[in-house]
Structure formats: structure tokens, C-alpha cells
$ cat start14.json   # JSON, C-alpha atoms and all ligand atoms
[["chain", "number", "residue", "atom", "x", "y", "z"],
["A", 1, "MET", "CA", -26.58, -34.25, 9.82],
["A", 2, "GLY", "CA", -23.79, -32.51, 11.72],
["A", 3, "LYS", "CA", -20.70, -30.89, 10.31],
["A", 4, "SER", "CA", -17.64, -32.90, 9.40],
["A", 5, "CYS", "CA", -14.30, -32.48, 11.16],
["A", 6, "GLU", "CA", -13.00, -30.61, 8.10],
["A", 7, "ASN", "CA", -15.76, -28.04, 8.58],
["A", 8, "TYR", "CA", -14.88, -27.67, 12.21],
["A", 9, "LYS", "CA", -11.20, -27.24, 11.39],
["A", 10, "ASP", "CA", -12.07, -24.38, 9.07],
["A", 11, "ILE", "CA", -14.20, -22.79, 11.74],
["A", 12, "LEU", "CA", -11.32, -23.14, 14.20],
["A", 13, "ILE", "CA", -9.10, -21.09, 11.90],
["A", 14, "ASP", "CA", -11.78, -18.39, 11.81],
["A", 15, "ILE", "CA", -11.99, -18.55, 15.58],
["A", 16, "ILE", "CA", -8.27, -18.08, 16.24],
["A", 17, "TYR", "CA", -8.45, -15.02, 13.99],
["A", 18, "GLU", "CA", -11.55, -13.74, 15.74],
["A", 19, "GLU", "CA", -13.81, -13.91, 12.72],
["A", 20, "LYS", "CA", -16.16, -16.31, 14.47],
["A", 21, "ASP", "CA", -17.20, -16.90, 18.05],
["A", 22, "PHE", "CA", -16.63, -19.95, 20.12],
["A", 23, "ASN", "CA", -20.21, -21.18, 20.18],
["A", 24, "LYS", "CA", -21.75, -24.14, 21.92],
["A", 25, "ASP", "CA", -21.72, -26.28, 18.80],
["A", 26, "ILE", "CA", -17.96, -26.14, 18.40],
["A", 27, "LYS", "CA", -17.32, -26.44, 22.12],
["A", 28, "ASP", "CA", -19.35, -29.64, 22.21],
["A", 29, "HIS", "CA", -17.49, -31.01, 19.22],
["A", 30, "LEU", "CA", -14.10, -30.31, 20.76],
["A", 31, "LYS", "CA", -15.16, -32.08, 23.91],
["A", 32, "HIS", "CA", -15.85, -35.25, 21.98],
["A", 33, "CYS", "CA", -13.34, -35.09, 19.16],
["A", 34, "ASP", "CA", -9.70, -35.47, 20.19],
["A", 35, "ASN", "CA", -8.59, -34.97, 16.63],
["A", 36, "CYS", "CA", -10.09, -31.47, 16.37],
["A", 37, "MET", "CA", -8.93, -30.58, 19.88],
["A", 38, "LYS", "CA", -5.39, -31.48, 18.88],
["A", 39, "TYR", "CA", -5.79, -29.46, 15.71],
["A", 40, "TYR", "CA", -6.95, -26.46, 17.70],
["A", 41, "LYS", "CA", -3.93, -26.62, 20.02],
["A", 42, "GLU", "CA", -1.57, -26.94, 17.07],
["A", 43, "LEU", "CA", -3.21, -23.99, 15.36],
["A", 44, "LYS", "CA", -2.66, -21.80, 18.37],
["A", 45, "ASP", "CA", 0.94, -22.96, 18.54],
["A", 46, "THR", "CA", 1.48, -22.19, 14.85],
["A", 47, "LYS", "CA", -0.03, -18.76, 15.31],
["A", 48, "ASN", "CA", 2.34, -18.01, 18.18],
["A", 49, "ARG", "CA", 5.40, -19.18, 16.31],
["A", 50, "LEU", "CA", 4.56, -17.01, 13.35],
["A", 51, "ASN", "CA", 4.83, -13.91, 15.49],
["A", 52, "ASN", "CA", 8.59, -14.12, 15.29],
["A", 53, "LEU", "CA", 8.44, -12.35, 11.96],
["A", 54, "ASN", "CA", 6.79, -9.35, 13.49],
["A", 55, "THR", "CA", 9.64, -6.87, 13.71],
["A", 56, "GLU", "CA", 8.88, -3.18, 13.34],
["A", 57, "PRO", "CA", 11.33, -1.41, 11.06],
["A", 58, "PRO", "CA", 12.61, 2.01, 12.21],
["A", 59, "ILE", "CA", 11.19, 5.27, 10.85],
["A", 60, "GLU", "CA", 13.42, 6.70, 8.13],
["A", 61, "TYR", "CA", 12.81, 10.44, 8.45],
["A", 62, "ARG", "CA", 15.11, 11.46, 5.63],
["A", 63, "LYS", "CA", 13.40, 9.14, 3.19],
["A", 64, "ILE", "CA", 10.06, 10.72, 4.00],
["A", 65, "SER", "CA", 11.54, 14.19, 3.41],
["A", 66, "LYS", "CA", 12.91, 12.97, 0.10],
["A", 67, "ALA", "CA", 9.45, 11.84, -0.93],
["A", 68, "PHE", "CA", 8.19, 15.39, -0.34],
["A", 69, "ILE", "CA", 10.95, 16.83, -2.52],
["A", 70, "LYS", "CA", 10.12, 14.39, -5.27],
["A", 71, "ALA", "CA", 6.40, 15.15, -4.96],
["A", 72, "ASP", "CA", 7.15, 18.86, -5.43],
["A", 73, "GLU", "CA", 9.16, 18.10, -8.55],
["A", 74, "ILE", "CA", 6.32, 16.05, -9.99],
["A", 75, "LYS", "CA", 3.74, 18.72, -9.14],
["A", 76, "LYS", "CA", 5.91, 21.39, -10.77],
["A", 77, "LYS", "CA", 6.32, 19.34, -13.92],
["A", 78, "LYS", "CA", 2.57, 18.81, -14.09],
["A", 79, "SER", "CA", 1.81, 22.51, -13.69],
["A", 80, "ASP", "CA", 4.45, 23.38, -16.29],
["A", 81, "ILE", "CA", 2.79, 21.07, -18.78],
["A", 82, "LYS", "CA", -0.58, 22.60, -17.93],
["A", 83, "SER", "CA", 0.74, 26.14, -18.43],
["A", 84, "LEU", "CA", 2.24, 25.18, -21.76],
["A", 85, "PHE", "CA", -1.03, 23.70, -22.89],
["A", 86, "VAL", "CA", -3.03, 26.77, -21.86],
["A", 87, "PHE", "CA", -0.52, 29.02, -23.60],
["A", 88, "MET", "CA", -0.79, 27.02, -26.82],
["A", 89, "LEU", "CA", -4.56, 27.03, -26.71],
["A", 90, "LEU", "CA", -4.76, 30.80, -26.14],
["A", 91, "SER", "CA", -2.24, 31.41, -28.93],
["A", 92, "VAL", "CA", -4.29, 29.42, -31.39],
["A", 93, "ILE", "CA", -7.50, 31.25, -30.42],
["A", 94, "PHE", "CA", -5.81, 34.65, -30.65],
["A", 95, "LEU", "CA", -4.20, 33.91, -33.99],
["A", 96, "THR", "CA", -7.49, 32.66, -35.41],
["A", 97, "MET", "CA", -9.19, 35.86, -34.26],
["A", 98, "VAL", "CA", -6.54, 38.08, -35.82],
["A", 99, "VAL", "CA", -6.61, 36.18, -39.10],
["A", 100, "THR", "CA", -10.43, 36.21, -39.22],
["A", 101, "LEU", "CA", -10.55, 39.95, -38.56],
["A", 102, "ALA", "CA", -7.85, 40.65, -41.15],
["A", 103, "VAL", "CA", -9.66, 38.62, -43.78],
["A", 104, "ASN", "CA", -12.86, 40.54, -43.04],
["A", 105, "GLY", "CA", -11.15, 43.88, -43.61],
["A", 106, "PHE", "CA", -10.34, 45.02, -40.07],
["A", 107, "SER", "CA", -6.58, 45.37, -40.67],
["A", 108, "LYS", "CA", -6.52, 49.00, -39.61],
["A", 109, "GLU", "CA", -8.19, 48.25, -36.27],
["A", 110, "ILE", "CA", -5.74, 45.45, -35.62],
["A", 111, "ILE", "CA", -2.81, 47.80, -36.05],
["A", 112, "TYR", "CA", -4.39, 50.37, -33.69],
["A", 113, "PHE", "CA", -4.95, 47.66, -31.13],
["A", 114, "GLN", "CA", -1.36, 46.51, -31.41],
["A", 115, "ILE", "CA", 0.00, 49.99, -30.90],
["A", 116, "SER", "CA", -2.12, 50.60, -27.83],
["A", 117, "THR", "CA", -1.03, 47.25, -26.38],
["A", 118, "TYR", "CA", 2.62, 48.18, -26.74],
["A", 119, "VAL", "CA", 1.98, 51.43, -24.97],
["A", 120, "ILE", "CA", 0.00, 49.93, -22.11],
["A", 121, "PHE", "CA", 2.09, 46.80, -21.52],
["A", 122, "PRO", "CA", 5.03, 48.41, -19.64],
["A", 123, "PHE", "CA", 2.52, 49.80, -17.11],
["A", 124, "ILE", "CA", 1.02, 46.40, -16.23],
["A", 125, "LEU", "CA", 4.37, 44.62, -16.04],
["A", 126, "PRO", "CA", 5.14, 45.52, -12.37],
["A", 127, "PHE", "CA", 1.75, 44.12, -11.32],
["A", 128, "MET", "CA", 2.40, 40.86, -13.12],
["A", 129, "ILE", "CA", 5.84, 40.48, -11.54],
["A", 130, "LYS", "CA", 4.43, 41.18, -8.09],
["A", 131, "LYS", "CA", 1.68, 38.62, -8.56],
["A", 132, "ARG", "CA", 4.18, 35.98, -9.68],
["A", 133, "ALA", "CA", 6.48, 36.69, -6.73],
["A", 134, "LYS", "CA", 3.57, 36.28, -4.35],
["A", 135, "LYS", "CA", 2.64, 32.95, -5.90],
["A", 136, "GLU", "CA", 6.19, 31.61, -5.63],
["A", 137, "GLY", "CA", 6.61, 32.83, -2.08],
["A", 138, "TYR", "CA", 9.17, 35.62, -2.67],
["A", 139, "ASP", "CA", 6.84, 38.34, -1.49],
["A", 140, "VAL", "CA", 8.79, 39.94, 1.32],
["A", 141, "LYS", "CA", 6.00, 42.02, 2.77],
["B", 1, "MET", "CA", -1.25, 15.82, 18.21],
["B", 2, "ASN", "CA", -3.78, 13.22, 17.30],
["B", 3, "GLU", "CA", -4.23, 11.63, 13.92],
["B", 4, "GLU", "CA", -7.62, 13.14, 13.18],
["B", 5, "ILE", "CA", -6.36, 16.71, 13.43],
["B", 6, "LEU", "CA", -3.25, 15.88, 11.41],
["B", 7, "ILE", "CA", -5.41, 14.41, 8.67],
["B", 8, "LYS", "CA", -7.59, 17.52, 8.53],
["B", 9, "LEU", "CA", -4.55, 19.79, 8.30],
["B", 10, "SER", "CA", -2.90, 17.56, 5.70],
["B", 11, "LYS", "CA", -5.91, 17.62, 3.48],
["B", 12, "ARG", "CA", -5.83, 21.41, 3.60],
["B", 13, "GLY", "CA", -2.27, 21.34, 2.30],
["B", 14, "ASP", "CA", -0.24, 21.49, 5.52],
["B", 15, "LYS", "CA", 3.01, 19.73, 4.64],
["B", 16, "LYS", "CA", 4.32, 19.53, 8.19],
["B", 17, "ALA", "CA", 1.15, 17.77, 9.32],
["B", 18, "LEU", "CA", 1.32, 15.30, 6.47],
["B", 19, "GLU", "CA", 4.97, 14.62, 7.17],
["B", 20, "LYS", "CA", 4.17, 13.85, 10.81],
["B", 21, "LEU", "CA", 1.33, 11.59, 9.71],
["B", 22, "LEU", "CA", 3.60, 9.66, 7.35],
["B", 23, "GLN", "CA", 6.24, 9.32, 10.06],
["B", 24, "MET", "CA", 3.66, 7.89, 12.42],
["B", 25, "ASN", "CA", 2.64, 5.24, 9.89],
["B", 26, "TYR", "CA", 5.99, 4.56, 8.30],
["B", 27, "SER", "CA", 6.89, 1.44, 10.27],
["B", 28, "ILE", "CA", 3.53, -0.17, 9.61],
["B", 29, "VAL", "CA", 3.85, 0.28, 5.87],
["B", 30, "LYS", "CA", 7.45, -0.78, 5.68],
["B", 31, "GLY", "CA", 6.91, -3.77, 7.97],
["B", 32, "TYR", "CA", 4.01, -4.86, 5.82],
["B", 33, "LEU", "CA", 6.06, -4.57, 2.64],
["B", 34, "ILE", "CA", 9.02, -6.45, 4.10],
["B", 35, "LYS", "CA", 6.73, -9.34, 4.94],
["B", 36, "MET", "CA", 4.97, -9.11, 1.60],
["B", 37, "THR", "CA", 8.02, -8.86, -0.62],
["B", 38, "LEU", "CA", 10.44, -10.78, 1.64],
["B", 39, "ASN", "CA", 13.12, -8.61, 0.18],
["B", 40, "GLU", "CA", 14.46, -5.58, 2.03],
["B", 41, "GLU", "CA", 15.53, -3.72, -1.09],
["B", 42, "VAL", "CA", 12.24, -4.14, -2.91],
["B", 43, "ALA", "CA", 10.35, -3.23, 0.26],
["B", 44, "ASP", "CA", 12.41, -0.05, 0.45],
["B", 45, "ASP", "CA", 11.56, 0.98, -3.10],
["B", 46, "ILE", "CA", 7.86, 0.34, -2.70],
["B", 47, "THR", "CA", 7.72, 2.12, 0.66],
["B", 48, "GLN", "CA", 9.25, 5.16, -1.00],
["B", 49, "GLU", "CA", 6.78, 4.97, -3.88],
["B", 50, "THR", "CA", 3.90, 4.62, -1.43],
["B", 51, "MET", "CA", 4.97, 7.74, 0.49],
["B", 52, "LEU", "CA", 5.22, 9.66, -2.76],
["B", 53, "LYS", "CA", 1.76, 8.59, -3.91],
["B", 54, "ALA", "CA", 0.30, 9.45, -0.53],
["B", 55, "ILE", "CA", 1.74, 12.98, -0.75],
["B", 56, "LEU", "CA", 0.45, 13.48, -4.28],
["B", 57, "ASN", "CA", -3.01, 12.08, -3.56],
["B", 58, "ILE", "CA", -3.70, 13.20, 0.00],
["B", 59, "LYS", "CA", -6.71, 15.22, -1.18],
["B", 60, "LYS", "CA", -8.33, 12.02, -2.48],
["B", 61, "TYR", "CA", -8.07, 10.25, 0.87],
["B", 62, "LYS", "CA", -11.46, 9.78, 2.56],
["B", 63, "PRO", "CA", -11.14, 9.61, 6.36],
["B", 64, "LYS", "CA", -13.76, 6.86, 6.70],
["B", 65, "ALA", "CA", -10.91, 4.33, 6.42],
["B", 66, "LYS", "CA", -7.97, 4.49, 8.83],
["B", 67, "PHE", "CA", -4.97, 6.35, 7.47],
["B", 68, "SER", "CA", -2.75, 3.28, 7.82],
["B", 69, "THR", "CA", -5.31, 1.25, 5.86],
["B", 70, "TRP", "CA", -5.24, 3.79, 3.09],
["B", 71, "LEU", "CA", -1.44, 3.58, 2.98],
["B", 72, "ILE", "CA", -1.52, -0.21, 2.97],
["B", 73, "THR", "CA", -3.98, -0.13, 0.09],
["B", 74, "ILE", "CA", -1.63, 2.13, -1.87],
["B", 75, "ALA", "CA", 1.32, -0.11, -0.99],
["B", 76, "THR", "CA", -0.62, -3.19, -2.09],
["B", 77, "ASN", "CA", -1.55, -1.70, -5.44],
["B", 78, "THR", "CA", 1.96, -0.43, -6.02],
["B", 79, "TYR", "CA", 3.35, -3.87, -5.28],
["B", 80, "LYS", "CA", 0.87, -5.47, -7.67],
["B", 81, "ASP", "CA", 1.86, -3.01, -10.41],
["B", 82, "GLN", "CA", 5.55, -3.67, -9.85],
["B", 83, "LEU", "CA", 4.99, -7.41, -10.01],
["B", 84, "ARG", "CA", 3.43, -6.98, -13.39],
["B", 85, "LYS", "CA", 6.35, -4.90, -14.61],
["B", 86, "ASP", "CA", 9.28, -6.53, -12.92],
["B", 87, "LYS", "CA", 9.76, -10.25, -12.90],
["B", 88, "ARG", "CA", 12.59, -10.21, -10.39],
["B", 89, "LEU", "CA", 9.96, -9.80, -7.71],
["B", 90, "VAL", "CA", 8.15, -13.01, -8.48],
["B", 91, "TYR", "CA", 9.19, -15.96, -6.43],
["B", 92, "LYS", "CA", 8.31, -19.51, -7.18],
["B", 93, "GLU", "CA", 4.68, -20.13, -7.88],
["B", 94, "ASP", "CA", 2.68, -22.09, -5.36],
["B", 95, "LYS", "CA", 4.04, -25.53, -4.97],
["B", 96, "ASP", "CA", 2.87, -28.26, -2.76],
["B", 97, "LEU", "CA", 5.13, -27.54, 0.16],
["B", 98, "VAL", "CA", 4.63, -30.61, 2.17],
["B", 99, "ASP", "CA", 5.42, -33.04, -0.59],
["B", 100, "ASP", "CA", 8.34, -30.95, -1.57],
["B", 101, "ILE", "CA", 10.40, -30.40, 1.54],
["B", 102, "ASP", "CA", 13.98, -30.14, 0.61],
["B", 103, "VAL", "CA", 15.77, -31.84, 3.47],
["B", 104, "GLU", "CA", 19.08, -30.13, 2.94],
["B", 105, "LYS", "CA", 17.40, -26.78, 2.77],
["B", 106, "SER", "CA", 15.60, -27.30, 6.03],
["B", 107, "ILE", "CA", 18.88, -28.08, 7.77],
["B", 108, "LEU", "CA", 20.30, -24.84, 6.48],
["B", 109, "ILE", "CA", 17.39, -22.86, 7.78],
["B", 110, "LYS", "CA", 18.66, -21.70, 11.11],
["B", 111, "SER", "CA", 16.36, -19.36, 12.92],
["B", 112, "GLU", "CA", 12.64, -19.66, 13.00],
["B", 113, "PHE", "CA", 12.50, -16.23, 11.42],
["B", 114, "GLU", "CA", 14.29, -17.54, 8.36],
["B", 115, "GLU", "CA", 12.12, -20.60, 8.35],
["B", 116, "ILE", "CA", 8.94, -18.55, 8.28],
["B", 117, "LYS", "CA", 10.36, -16.42, 5.50],
["B", 118, "GLU", "CA", 11.11, -19.53, 3.51],
["B", 119, "ILE", "CA", 7.56, -20.77, 3.94],
["B", 120, "LEU", "CA", 6.06, -17.44, 2.92],
["B", 121, "LYS", "CA", 8.22, -17.28, -0.17],
["B", 122, "GLU", "CA", 6.53, -20.38, -1.46],
["B", 123, "PHE", "CA", 3.13, -18.67, -1.63],
["B", 124, "SER", "CA", 2.08, -16.45, -4.49],
["B", 125, "TYR", "CA", 1.50, -12.86, -3.41],
["B", 126, "GLU", "CA", -2.27, -13.21, -3.75],
["B", 127, "LYS", "CA", -2.21, -15.88, -1.08],
["B", 128, "ARG", "CA", 0.47, -14.26, 1.06],
["B", 129, "MET", "CA", -1.36, -10.96, 1.23],
["B", 130, "PRO", "CA", -4.50, -12.05, 3.13],
["B", 131, "PHE", "CA", -2.37, -14.03, 5.53],
["B", 132, "ILE", "CA", -0.07, -11.10, 6.33],
["B", 133, "LEU", "CA", -2.89, -8.60, 6.64],
["B", 134, "LYS", "CA", -4.79, -10.93, 8.91],
["B", 135, "HIS", "CA", -2.04, -12.36, 11.02],
["B", 136, "TYR", "CA", 0.22, -9.33, 11.49],
["B", 137, "TYR", "CA", -2.23, -6.47, 11.11],
["B", 138, "ASP", "CA", -5.41, -7.98, 12.47],
["B", 139, "TYR", "CA", -7.61, -6.71, 9.66],
["B", 140, "SER", "CA", -11.01, -8.33, 9.28],
["B", 141, "TYR", "CA", -11.86, -10.45, 6.25],
["B", 142, "LYS", "CA", -14.04, -7.60, 5.03],
["B", 143, "GLU", "CA", -11.30, -4.99, 5.31],
["B", 144, "ILE", "CA", -8.82, -7.26, 3.54],
["B", 145, "ALA", "CA", -11.34, -7.85, 0.77],
["B", 146, "GLU", "CA", -11.60, -4.07, 0.33],
["B", 147, "ILE", "CA", -7.84, -3.57, 0.31],
["B", 148, "MET", "CA", -7.32, -6.38, -2.19],
["B", 149, "ASN", "CA", -10.46, -5.64, -4.14],
["B", 150, "CYS", "CA", -11.73, -9.23, -4.11],
["B", 151, "PRO", "CA", -14.62, -11.16, -2.48],
["B", 152, "VAL", "CA", -14.63, -11.94, 1.25],
["B", 153, "GLY", "CA", -14.93, -15.67, 0.50],
["B", 154, "THR", "CA", -11.69, -15.54, -1.49],
["B", 155, "VAL", "CA", -9.89, -13.86, 1.38],
["B", 156, "ARG", "CA", -11.11, -16.52, 3.78],
["B", 157, "SER", "CA", -10.18, -19.46, 1.59],
["B", 158, "ARG", "CA", -6.73, -18.04, 0.82],
["B", 159, "LEU", "CA", -6.04, -17.43, 4.50],
["B", 160, "HIS", "CA", -7.16, -20.95, 5.32],
["B", 161, "TYR", "CA", -4.95, -22.32, 2.59],
["B", 162, "CYS", "CA", -1.91, -20.50, 3.98],
["B", 163, "ILE", "CA", -2.53, -21.43, 7.59],
["B", 164, "LYS", "CA", -2.99, -25.08, 6.74],
["B", 165, "LYS", "CA", 0.18, -25.16, 4.65],
["B", 166, "ILE", "CA", 2.19, -23.31, 7.27],
["B", 167, "LYS", "CA", 0.93, -25.54, 10.02],
["B", 168, "LYS", "CA", 1.75, -28.67, 8.07],
["B", 169, "HIS", "CA", 5.14, -27.32, 7.14],
["B", 170, "MET", "CA", 6.04, -26.44, 10.71],
["B", 171, "GLU", "CA", 5.07, -29.87, 11.90],
["B", 172, "GLY", "CA", 6.77, -31.51, 8.93],
["B", 173, "GLY", "CA", 9.90, -29.45, 9.54],
["B", 174, "SER", "CA", 10.18, -30.48, 13.15],
["B", 175, "ASP", "CA", 9.72, -34.13, 12.14],
["B", 176, "ILE", "CA", 12.75, -33.92, 9.94],
["B", 177, "GLY", "CA", 14.65, -32.31, 12.76],
["B", 178, "LYS", "CA", 13.85, -35.24, 15.00],
["B", 179, "LYS", "CA", 14.96, -37.82, 12.49],
["B", 180, "LEU", "CA", 18.36, -36.24, 12.03],
["C", 1, "ZN", "ZN", -13.62, -33.33, 14.82]]
$ encode --input "start14.json" --output "C-alpha cells"
Amino acid sequence: MGKSCENYKDILIDIIYEEKDFNKDIKDHLKHCDNCMKYYKELKDTKNRLNNLNTEPPIEYRKISKAFIKADEIKKKKSDIKSLFVFMLLSVIFLTMVVTLAVNGFSKEIIYFQISTYVIFPFILPFMIKKRAKKEGYDVK
Amino acid sequence: MNEEILIKLSKRGDKKALEKLLQMNYSIVKGYLIKMTLNEEVADDITQETMLKAILNIKKYKPKAKFSTWLITIATNTYKDQLRKDKRLVYKEDKDLVDDIDVEKSILIKSEFEEIKEILKEFSYEKRMPFILKHYYDYSYKEIAEIMNCPVGTVRSRLHYCIKKIKKHMEGGSDIGKKL
């Protein structure tokens, strides 16, 4: 049994959109079936008329730039949240360590450590500032 | 500069290259969204959102799909999300167009452009999408299925549904014109 006209009409839609090839089967059917031939012509006509909606909008350069600015803001916010989280985590770990050591009778050592940190810190500060400046793009050199 | 090089540079974090790439594809995305949403203002918002998402996720883009296809996929998903959130975007649900031609309305429709817009408005976005991607962007059924994340058979049947309705409507519309 051959295909019905409805089948052929569906195939014709696929054909006008290049999803199927014009094979012998459909060609033969169109030769004998005026109804489907008419349908095919109308389909092509419909397809052409629909092209009227195909207008290309202009490129809006400033809107694209704005998207970049917004993306930077979002990225910054994300990295701020990440930094905050890391800071909190490290604080908790450090505090736990100090408390554990104190409870176990290492109070003296903790005080020595603190004093040495205060002495050393001013010396590492310039390096930290320089590193930060480099990261943010203020490094003049 | 060709697209392939721009993509490579963009993925490495070159902002200028990415900007150029987005400029090259801007009209495609916006044109698609205008046809999809049939509303200039909404299309504007979603285009902007799409650009933003592309900038934030450029590292995730895999160059096996065309860059414009990737953008259209983002635009499609963004539009779907917005539809869920914002009801002002939803037009009438699918109605049987042909039985429902409002004679007065069809007199008011002046240009063919407006007429086509009116027809497209009657389809739900799930049906409109395969039609627009096929007709105006010449994507294959398979590509559309990937963009929409649905089976190829669904894409085909939705496209057929739209074409048949549009065809009937155009013929029906001109009949009314003749009678008047
Ligand atoms: Zn036939």
C-alpha cells in the first residue's frame, strides 16, 4: 500500500526545509496528484511570504560594553564572597588551634609566638602590598 | 580576524576578542529574540542577559558547536526561565486559528509583517521556537532538538503544526480580503 496524501504533505514540508530529498516516489506522486502539487506550490509561497519578518537588528555596541561592566561586577562580588568564606574558615581553624594548645598547657609558647609575629609582620607588609597591587593592575613597573 | 581565533583568545580571557565575537553575533541573537518574544522590549532585556551569561561562562563553551548556536541556546534557556517567572511574556495559548479568525482584526492588520507577527503570537513558545529556528536560521531538526533539549520527532511535528497553521491562516486571511 502506498502513502496517503497526508503523508506526502508532511514529506513536502520536510523537503522545502531541506530535511528530505526530492526522491522518485514523491516526484511520481506529484505528477499524478493535483492536490499535492497545489499544496507544494502553496507551501513554497507561504515560505516566501514569511521571509518578510527577517529583519536584522543593528549591533548595539554600548550595550555589549555594558554587559562586560556588569560581568566584572558579578565576578568581583563572587570573589569577595569567596575571600570572606576563606577568611572565616581560616579564623575558625586558627582559633581552634590556639584554644587546643592553651588547654594543653602551651600558653607560654603561644605568647612567644605572638610576640615574634608582631615583630616580623611590619617586614612582610611591603611584599603583601606589592603583590596586591600587581593583582589589581596598579603595578607601574 | 576569523571567528576561530577570536574564540581561542576569548577562552584564554581576552576581553577584546570576546567583545568582537559578541558584536559579530549580536544581530543574530537579537533578531532571534525579537521573533521569539514578538516584543522589542523583552527581546532587549533577554539579549542583554544572554550577553552577560556568555561573558561569565565563556570558559564553558565547547567549540564543537558554532558560537552563534551556543548564544542561541543561552538565549533560549534564558527566555524559558523568564517565561516561568514573568507572566507578562506569555501570550495566548494555542488556539485553533482558522476557526477563530477575527474579521475585524484582520482588517486592521496592515502590513504582511504585522500579519505574520499576529500569527506567531498565537503559538505557544514551544511551537514557535522550532519554526523560527528552522525558517529563519536554517538549523537542522537535530540541531534544534539539541538547542531545545527535546526529541527530533517533537521538533518535526511542532514545525509541521506551525507551517500548516500559518499556511491555512494566510490563505484564510486572503479569502476574507476578497470578500470585503
Ligand atoms: Zn496526493
$ residues_around --input "start14.json" --residues "segment 48-61 of chain B" --least-positions-apart "5" --cutoff "9 Å" --atoms "all atoms listed in the file" --output "PyMOL selection string"
(chain A and resi 63-64+66-68+70-72+74-75) or (chain B and resi 7+10-13+15+18-19+22+26+29+43+67+70-72+74-75+78)
$ atom_distance --input "start14.json" --atom1 "atom CA of Asp44 of chain B" --atom2 "atom CA of Thr73 of chain B"
16.4 Å
$ closest_residue --input "start14.json" --among "A:Ile11, A:Cys36, A:Ile26, A:Ile124" --to "ligand ZN 1 (chain C)" --atoms "only C-alpha atoms and all ligand atoms"
A:Cys36
$ atom_distance --input "start14.json" --atom1 "atom CA of Gly105 of chain A" --atom2 "atom CA of Pro122 of chain A"
29.3 Å
$ interface_residues --input "start14.json" --of "chain A" --to "chain B" --cutoff "8 Å" --atoms "only C-alpha atoms" --output "VMD selection string"
chain A and resid 10 13 17 19 42 to 43 46 to 47 49 to 61 63 to 65 67 to 68 70 to 71 75
$ closest_residue --input "start14.json" --among "B:Leu120, B:Gly172, B:Thr69, B:Leu9" --to "Ile144 of chain B" --atoms "all atoms listed in the file"
B:Thr69
$ residues_near_ligand --input "start14.json" --ligand "ligand ZN 1 (chain C)" --cutoff "8 Å" --atoms "only C-alpha atoms and all ligand atoms" --output "PyMOL selection string"
chain A and resi 4-6+8-9+29-30+32-37
$ atom_distance --input "start14.json" --atom1 "atom CA of Asn39 of chain B" --atom2 "atom CA of Met148 of chain B"
20.7 Å
